[in-house]
$ cat final25.cif   # mmCIF, C-alpha atoms
data_start
loop_
_atom_site.group_PDB
_atom_site.id
_atom_site.type_symbol
_atom_site.label_atom_id
_atom_site.label_comp_id
_atom_site.auth_asym_id
_atom_site.auth_seq_id
_atom_site.Cartn_x
_atom_site.Cartn_y
_atom_site.Cartn_z
ATOM 1 C CA GLU A 10 0.000 0.000 0.000
ATOM 2 C CA GLU A 11 1.347 3.380 -0.989
ATOM 3 C CA GLU A 12 1.568 6.153 1.613
ATOM 4 C CA GLU A 13 2.563 9.761 1.206
ATOM 5 C CA GLU A 14 4.135 11.357 4.309
ATOM 6 C CA GLU A 15 3.773 14.942 3.144
ATOM 7 C CA GLU A 16 2.331 16.480 0.031
ATOM 8 C CA ASP A 17 5.791 16.769 -1.584
ATOM 9 C CA GLY A 18 7.515 14.232 0.692
ATOM 10 C CA PRO A 19 9.016 10.888 -0.236
ATOM 11 C CA LEU A 20 6.864 7.890 -1.065
ATOM 12 C CA THR A 21 7.320 4.688 0.928
ATOM 13 C CA PHE A 22 6.570 1.147 -0.162
ATOM 14 C CA PRO A 23 6.342 -1.846 2.147
ATOM 15 C CA ASP A 24 8.857 -4.660 1.666
ATOM 16 C CA ASP A 25 7.614 -7.976 0.296
ATOM 17 C CA SER A 26 6.016 -10.422 2.690
ATOM 18 C CA ASP A 27 8.058 -13.073 4.437
ATOM 19 C CA GLU A 28 8.088 -16.797 3.595
ATOM 20 C CA GLU A 29 4.779 -17.437 5.432
ATOM 21 C CA GLY A 30 3.035 -14.660 3.520
ATOM 22 C CA ASN A 31 2.963 -12.229 6.464
ATOM 23 C CA GLU A 32 3.728 -8.619 5.687
ATOM 24 C CA LYS A 33 7.016 -7.445 7.109
ATOM 25 C CA GLY A 34 6.895 -4.391 9.349
ATOM 26 C CA ASN A 35 9.877 -2.685 7.741
ATOM 27 C CA GLU A 36 9.362 -0.108 5.037
ATOM 28 C CA GLU A 37 11.793 0.792 2.318
ATOM 29 C CA GLN A 38 11.975 4.439 1.323
ATOM 30 C CA ILE A 39 12.302 5.306 -2.356
ATOM 31 C CA VAL A 40 13.042 8.914 -3.120
ATOM 32 C CA ALA A 41 13.359 10.606 -6.504
ATOM 33 C CA SER A 42 14.357 14.228 -6.560
ATOM 34 C CA PRO A 43 12.468 16.624 -8.836
ATOM 35 C CA GLU A 44 15.753 17.164 -10.717
ATOM 36 C CA ALA A 45 16.058 13.417 -11.412
ATOM 37 C CA VAL A 46 12.475 13.246 -12.643
ATOM 38 C CA GLU A 47 13.030 16.295 -14.866
ATOM 39 C CA LYS A 48 16.305 14.868 -16.196
ATOM 40 C CA LYS A 49 14.569 11.574 -17.051
ATOM 41 C CA GLY A 50 11.922 13.539 -18.948
ATOM 42 C CA ASP A 51 14.658 15.345 -20.858
ATOM 43 C CA GLU A 52 16.294 11.996 -21.725
ATOM 44 C CA ASP A 53 12.996 10.719 -23.122
ATOM 45 C CA GLU A 54 12.658 13.880 -25.228
ATOM 46 C CA ASP A 55 16.272 13.473 -26.405
ATOM 47 C CA GLU A 56 15.557 9.864 -27.419
ATOM 48 C CA ASP A 57 12.455 10.966 -29.352
ATOM 49 C CA SER A 58 14.381 13.709 -31.141
ATOM 50 C CA LYS A 59 17.237 11.306 -31.958
ATOM 51 C CA GLU A 60 14.729 8.803 -33.344
ATOM 52 C CA ALA A 61 13.173 11.543 -35.486
ATOM 53 C CA SER A 62 16.640 12.637 -36.578
ATOM 54 C CA TYR A 63 17.497 9.115 -37.723
ATOM 55 C CA GLU A 64 14.129 8.869 -39.513
ATOM 56 C CA SER A 65 15.185 12.002 -41.396
ATOM 57 C CA ILE A 66 18.611 10.526 -42.134
ATOM 58 C CA TRP A 67 16.958 7.354 -43.440
ATOM 59 C CA ASP A 68 14.809 9.456 -45.772
ATOM 60 C CA LYS A 69 17.934 11.185 -47.118
ATOM 61 C CA LEU A 70 19.771 7.883 -47.568
ATOM 62 C CA ASP A 71 16.862 6.163 -49.325
ATOM 63 C CA LYS A 72 16.471 8.741 -52.095
ATOM 64 C CA ASN A 73 14.645 6.394 -54.487
ATOM 65 C CA LYS A 74 12.206 5.359 -51.696
ATOM 66 C CA ASP A 75 12.555 1.624 -52.414
ATOM 67 C CA GLY A 76 12.959 0.834 -48.712
ATOM 68 C CA MET A 77 16.571 -0.257 -49.127
ATOM 69 C CA VAL A 78 19.932 1.488 -48.992
ATOM 70 C CA THR A 79 23.110 0.448 -50.804
ATOM 71 C CA PRO A 80 26.693 1.551 -50.099
ATOM 72 C CA ARG A 81 26.482 3.786 -53.173
ATOM 73 C CA GLU A 82 23.423 5.596 -51.777
ATOM 74 C CA ILE A 83 25.301 6.188 -48.519
ATOM 75 C CA ILE A 84 28.285 7.620 -50.430
ATOM 76 C CA VAL A 85 26.053 10.002 -52.400
ATOM 77 C CA ALA A 86 24.197 11.114 -49.242
ATOM 78 C CA VAL A 87 27.309 11.791 -47.135
ATOM 79 C CA ARG A 88 28.919 13.759 -49.963
ATOM 80 C CA LYS A 89 25.824 15.955 -50.241
ATOM 81 C CA ASP A 90 25.216 16.394 -46.513
ATOM 82 C CA PRO A 91 28.085 16.516 -43.972
ATOM 83 C CA GLU A 92 25.542 16.130 -41.147
ATOM 84 C CA ILE A 93 24.677 12.648 -42.409
ATOM 85 C CA ALA A 94 28.373 11.787 -42.518
ATOM 86 C CA LYS A 95 28.758 13.044 -38.955
ATOM 87 C CA ALA A 96 25.707 11.119 -37.706
ATOM 88 C CA LEU A 97 27.022 7.912 -39.275
ATOM 89 C CA GLY A 98 30.580 8.514 -38.099
ATOM 90 C CA LEU A 99 31.938 8.719 -41.643
ATOM 91 C CA SER A 100 34.066 11.155 -43.621
ATOM 92 C CA ASP A 101 32.019 13.394 -45.910
ATOM 93 C CA TYR A 102 34.274 12.354 -48.782
ATOM 94 C CA ILE A 103 34.537 8.609 -49.220
ATOM 95 C CA HIS A 104 37.202 7.333 -51.592
ATOM 96 C CA GLU A 105 39.467 4.299 -51.896
ATOM 97 C CA GLY A 106 41.350 3.407 -48.735
ATOM 98 C CA ASP A 107 40.470 4.023 -45.109
ATOM 99 C CA THR A 108 37.279 5.995 -45.686
ATOM 100 C CA ARG A 109 35.859 3.307 -47.992
ATOM 101 C CA ASP A 110 36.886 0.606 -45.498
ATOM 102 C CA SER A 111 35.045 2.543 -42.772
ATOM 103 C CA LEU A 112 31.946 2.759 -44.956
ATOM 104 C CA MET A 113 31.988 -0.967 -45.694
ATOM 105 C CA ALA A 114 32.501 -1.856 -42.007
ATOM 106 C CA LEU A 115 29.544 0.367 -41.109
ATOM 107 C CA PHE A 116 27.433 -1.102 -43.893
ATOM 108 C CA GLN A 117 28.210 -4.678 -42.813
ATOM 109 C CA ALA A 118 27.333 -3.791 -39.208
ATOM 110 C CA MET A 119 23.942 -2.550 -40.416
ATOM 111 C CA ASP A 120 23.251 -5.351 -42.927
ATOM 112 C CA LYS A 121 22.387 -8.110 -40.460
ATOM 113 C CA ASP A 122 20.967 -10.511 -43.068
ATOM 114 C CA SER A 123 23.961 -10.021 -45.425
ATOM 115 C CA ASP A 124 21.805 -9.390 -48.498
ATOM 116 C CA ASP A 125 23.961 -6.416 -49.596
ATOM 117 C CA VAL A 126 21.230 -3.874 -48.853
ATOM 118 C CA VAL A 127 20.139 -2.259 -45.607
ATOM 119 C CA ASP A 128 16.414 -1.998 -45.048
ATOM 120 C CA LYS A 129 14.831 0.506 -42.684
ATOM 121 C CA LYS A 130 14.402 -2.048 -39.890
ATOM 122 C CA GLU A 131 18.110 -2.968 -40.018
ATOM 123 C CA PHE A 132 19.037 0.716 -40.033
ATOM 124 C CA MET A 133 16.890 1.528 -37.003
ATOM 125 C CA VAL A 134 18.187 -1.506 -35.066
ATOM 126 C CA TRP A 135 21.745 -0.365 -35.819
ATOM 127 C CA GLU A 136 20.875 3.198 -34.790
ATOM 128 C CA ARG A 137 19.522 2.090 -31.400
ATOM 129 C CA LYS A 138 22.609 -0.033 -30.724
ATOM 130 C CA ALA A 139 24.875 2.809 -31.828
ATOM 131 C CA HIS A 140 23.145 5.246 -29.445
ATOM 132 C CA LYS A 141 23.310 2.744 -26.620
ATOM 133 C CA SER A 142 27.078 2.281 -27.042
ATOM 134 C CA VAL A 143 27.574 6.059 -27.263
ATOM 135 C CA ARG A 144 25.518 6.586 -24.060
ATOM 136 C CA VAL A 145 27.579 3.932 -22.239
ATOM 137 C CA ALA A 146 30.820 5.545 -23.414
ATOM 138 C CA GLU A 147 29.629 9.034 -22.429
ATOM 139 C CA GLY A 148 28.434 7.766 -19.061
ATOM 140 C CA GLY A 149 31.903 6.696 -18.064
ATOM 141 C CA GLY A 150 31.737 3.207 -19.479
ATOM 142 C CA GLY A 151 35.445 3.465 -20.216
ATOM 143 C CA GLY A 152 35.025 3.697 -23.979
ATOM 144 C CA GLY A 153 36.207 6.435 -26.200
ATOM 145 C CA GLY A 154 33.125 7.275 -28.193
ATOM 146 C CA LYS A 155 31.399 5.444 -31.016
ATOM 147 C CA GLU A 156 33.144 2.096 -30.692
ATOM 148 C CA GLY A 157 31.671 -0.732 -32.681
ATOM 149 C CA LEU A 158 30.028 1.464 -35.295
#

$ encode --input "final25.cif" --output "structure tokens"
Amino acid sequence: EEEEEEEDGPLTFPDDSDEEGNEKGNEEQIVASPEAVEKKGDEDEDEDSKEASYESIWDKLDKNKDGMVTPREIIVAVRKDPEIAKALGLSDYIHEGDTRDSLMALFQAMDKDSDDVVDKKEFMVWERKAHKSVRVAEGGGGGGGKEGL
């Protein structure tokens, strides 16, 4: 049963019952500061805006609207829009050598079914994993940024 000590005070929740099913007398106090609640709300908004941003990137990558993206379409898109290159962690000029190798590594990471095209579902799955690894790295996970992209 939920109790509120004061109007803006902390909420308390009883512990689980013991082995015989009797309620324990102890209560555990769970407190969330208004700042933590506000920050969580901001994180949700950030996630929504990132999702919308990647929807926009997908639309720019899939110029012919066939629901699939090839390495060539990625090259064309990043050359036209440096923001796409930045979002994907690529150079805005892809040519033979390291930049092409980076593109192909990225493409293979996205193309989970190895059919040589990336569909929107594969792209969005990759995007979520990429954001998760970036959040872990930024949160002190010991990484140095966009590892594994």

$ closest_residue --input "final25.cif" --among "A:Val78, A:Met113, A:Ala94, A:Ala86" --to "A:Phe132" --atoms "all atoms listed in the file"
A:Val78

$ residues_around --input "final25.cif" --residues "A:Pro80" --least-positions-apart "6" --cutoff "8 Å" --atoms "only C-alpha atoms" --output "mmCIF file with C-alpha atoms, keeping the file's coordinate frame"
data_model
loop_
_atom_site.group_PDB
_atom_site.id
_atom_site.type_symbol
_atom_site.label_atom_id
_atom_site.label_comp_id
_atom_site.auth_asym_id
_atom_site.auth_seq_id
_atom_site.Cartn_x
_atom_site.Cartn_y
_atom_site.Cartn_z
ATOM 1 C CA LEU A 112 31.946 2.759 -44.956
ATOM 2 C CA MET A 113 31.988 -0.967 -45.694
ATOM 3 C CA PHE A 116 27.433 -1.102 -43.893
ATOM 4 C CA VAL A 126 21.230 -3.874 -48.853
#

$ residues_around --input "final25.cif" --residues "A:Lys69" --least-positions-apart "3" --cutoff "12 Å" --atoms "all atoms listed in the file" --output "PyMOL selection string"
chain A and resi 62-66+72-74+76-78+82-94+129

$ closest_residue --input "final25.cif" --among "A:Ala96, A:Val127, A:Asp122, A:Tyr102" --to "A:His140" --atoms "all atoms listed in the file"
A:Ala96

$ atom_distance --input "final25.cif" --atom1 "atom CA of A:Gly106" --atom2 "atom CA of A:Asp75"
29.1 Å

$ atom_distance --input "final25.cif" --atom1 "atom CA of A:Lys130" --atom2 "atom CA of A:Asp107"
27.3 Å

$ axis_aligned_box --input "final25.cif" --around "stretch 93-111 of chain A" --padding-each-side "3 Å" --output "lines of an AutoDock Vina configuration file"
center_x = 33.0
center_y = 7.0
center_z = -44.8
size_x = 22.7
size_y = 18.8
size_z = 20.2

$ atom_distance --input "final25.cif" --atom1 "atom CA of A:Thr79" --atom2 "atom CA of A:Asp125"
7.0 Å

$ closest_residue --input "final25.cif" --among "A:Ala61, A:Leu97, A:Ile103, A:Ser123" --to "A:Trp135" --atoms "all atoms listed in the file"
A:Leu97

$ closest_residue --input "final25.cif" --among "A:Lys141, A:Lys95, A:His104, A:Val134" --to "A:Ala118" --atoms "all atoms listed in the file"
A:Val134
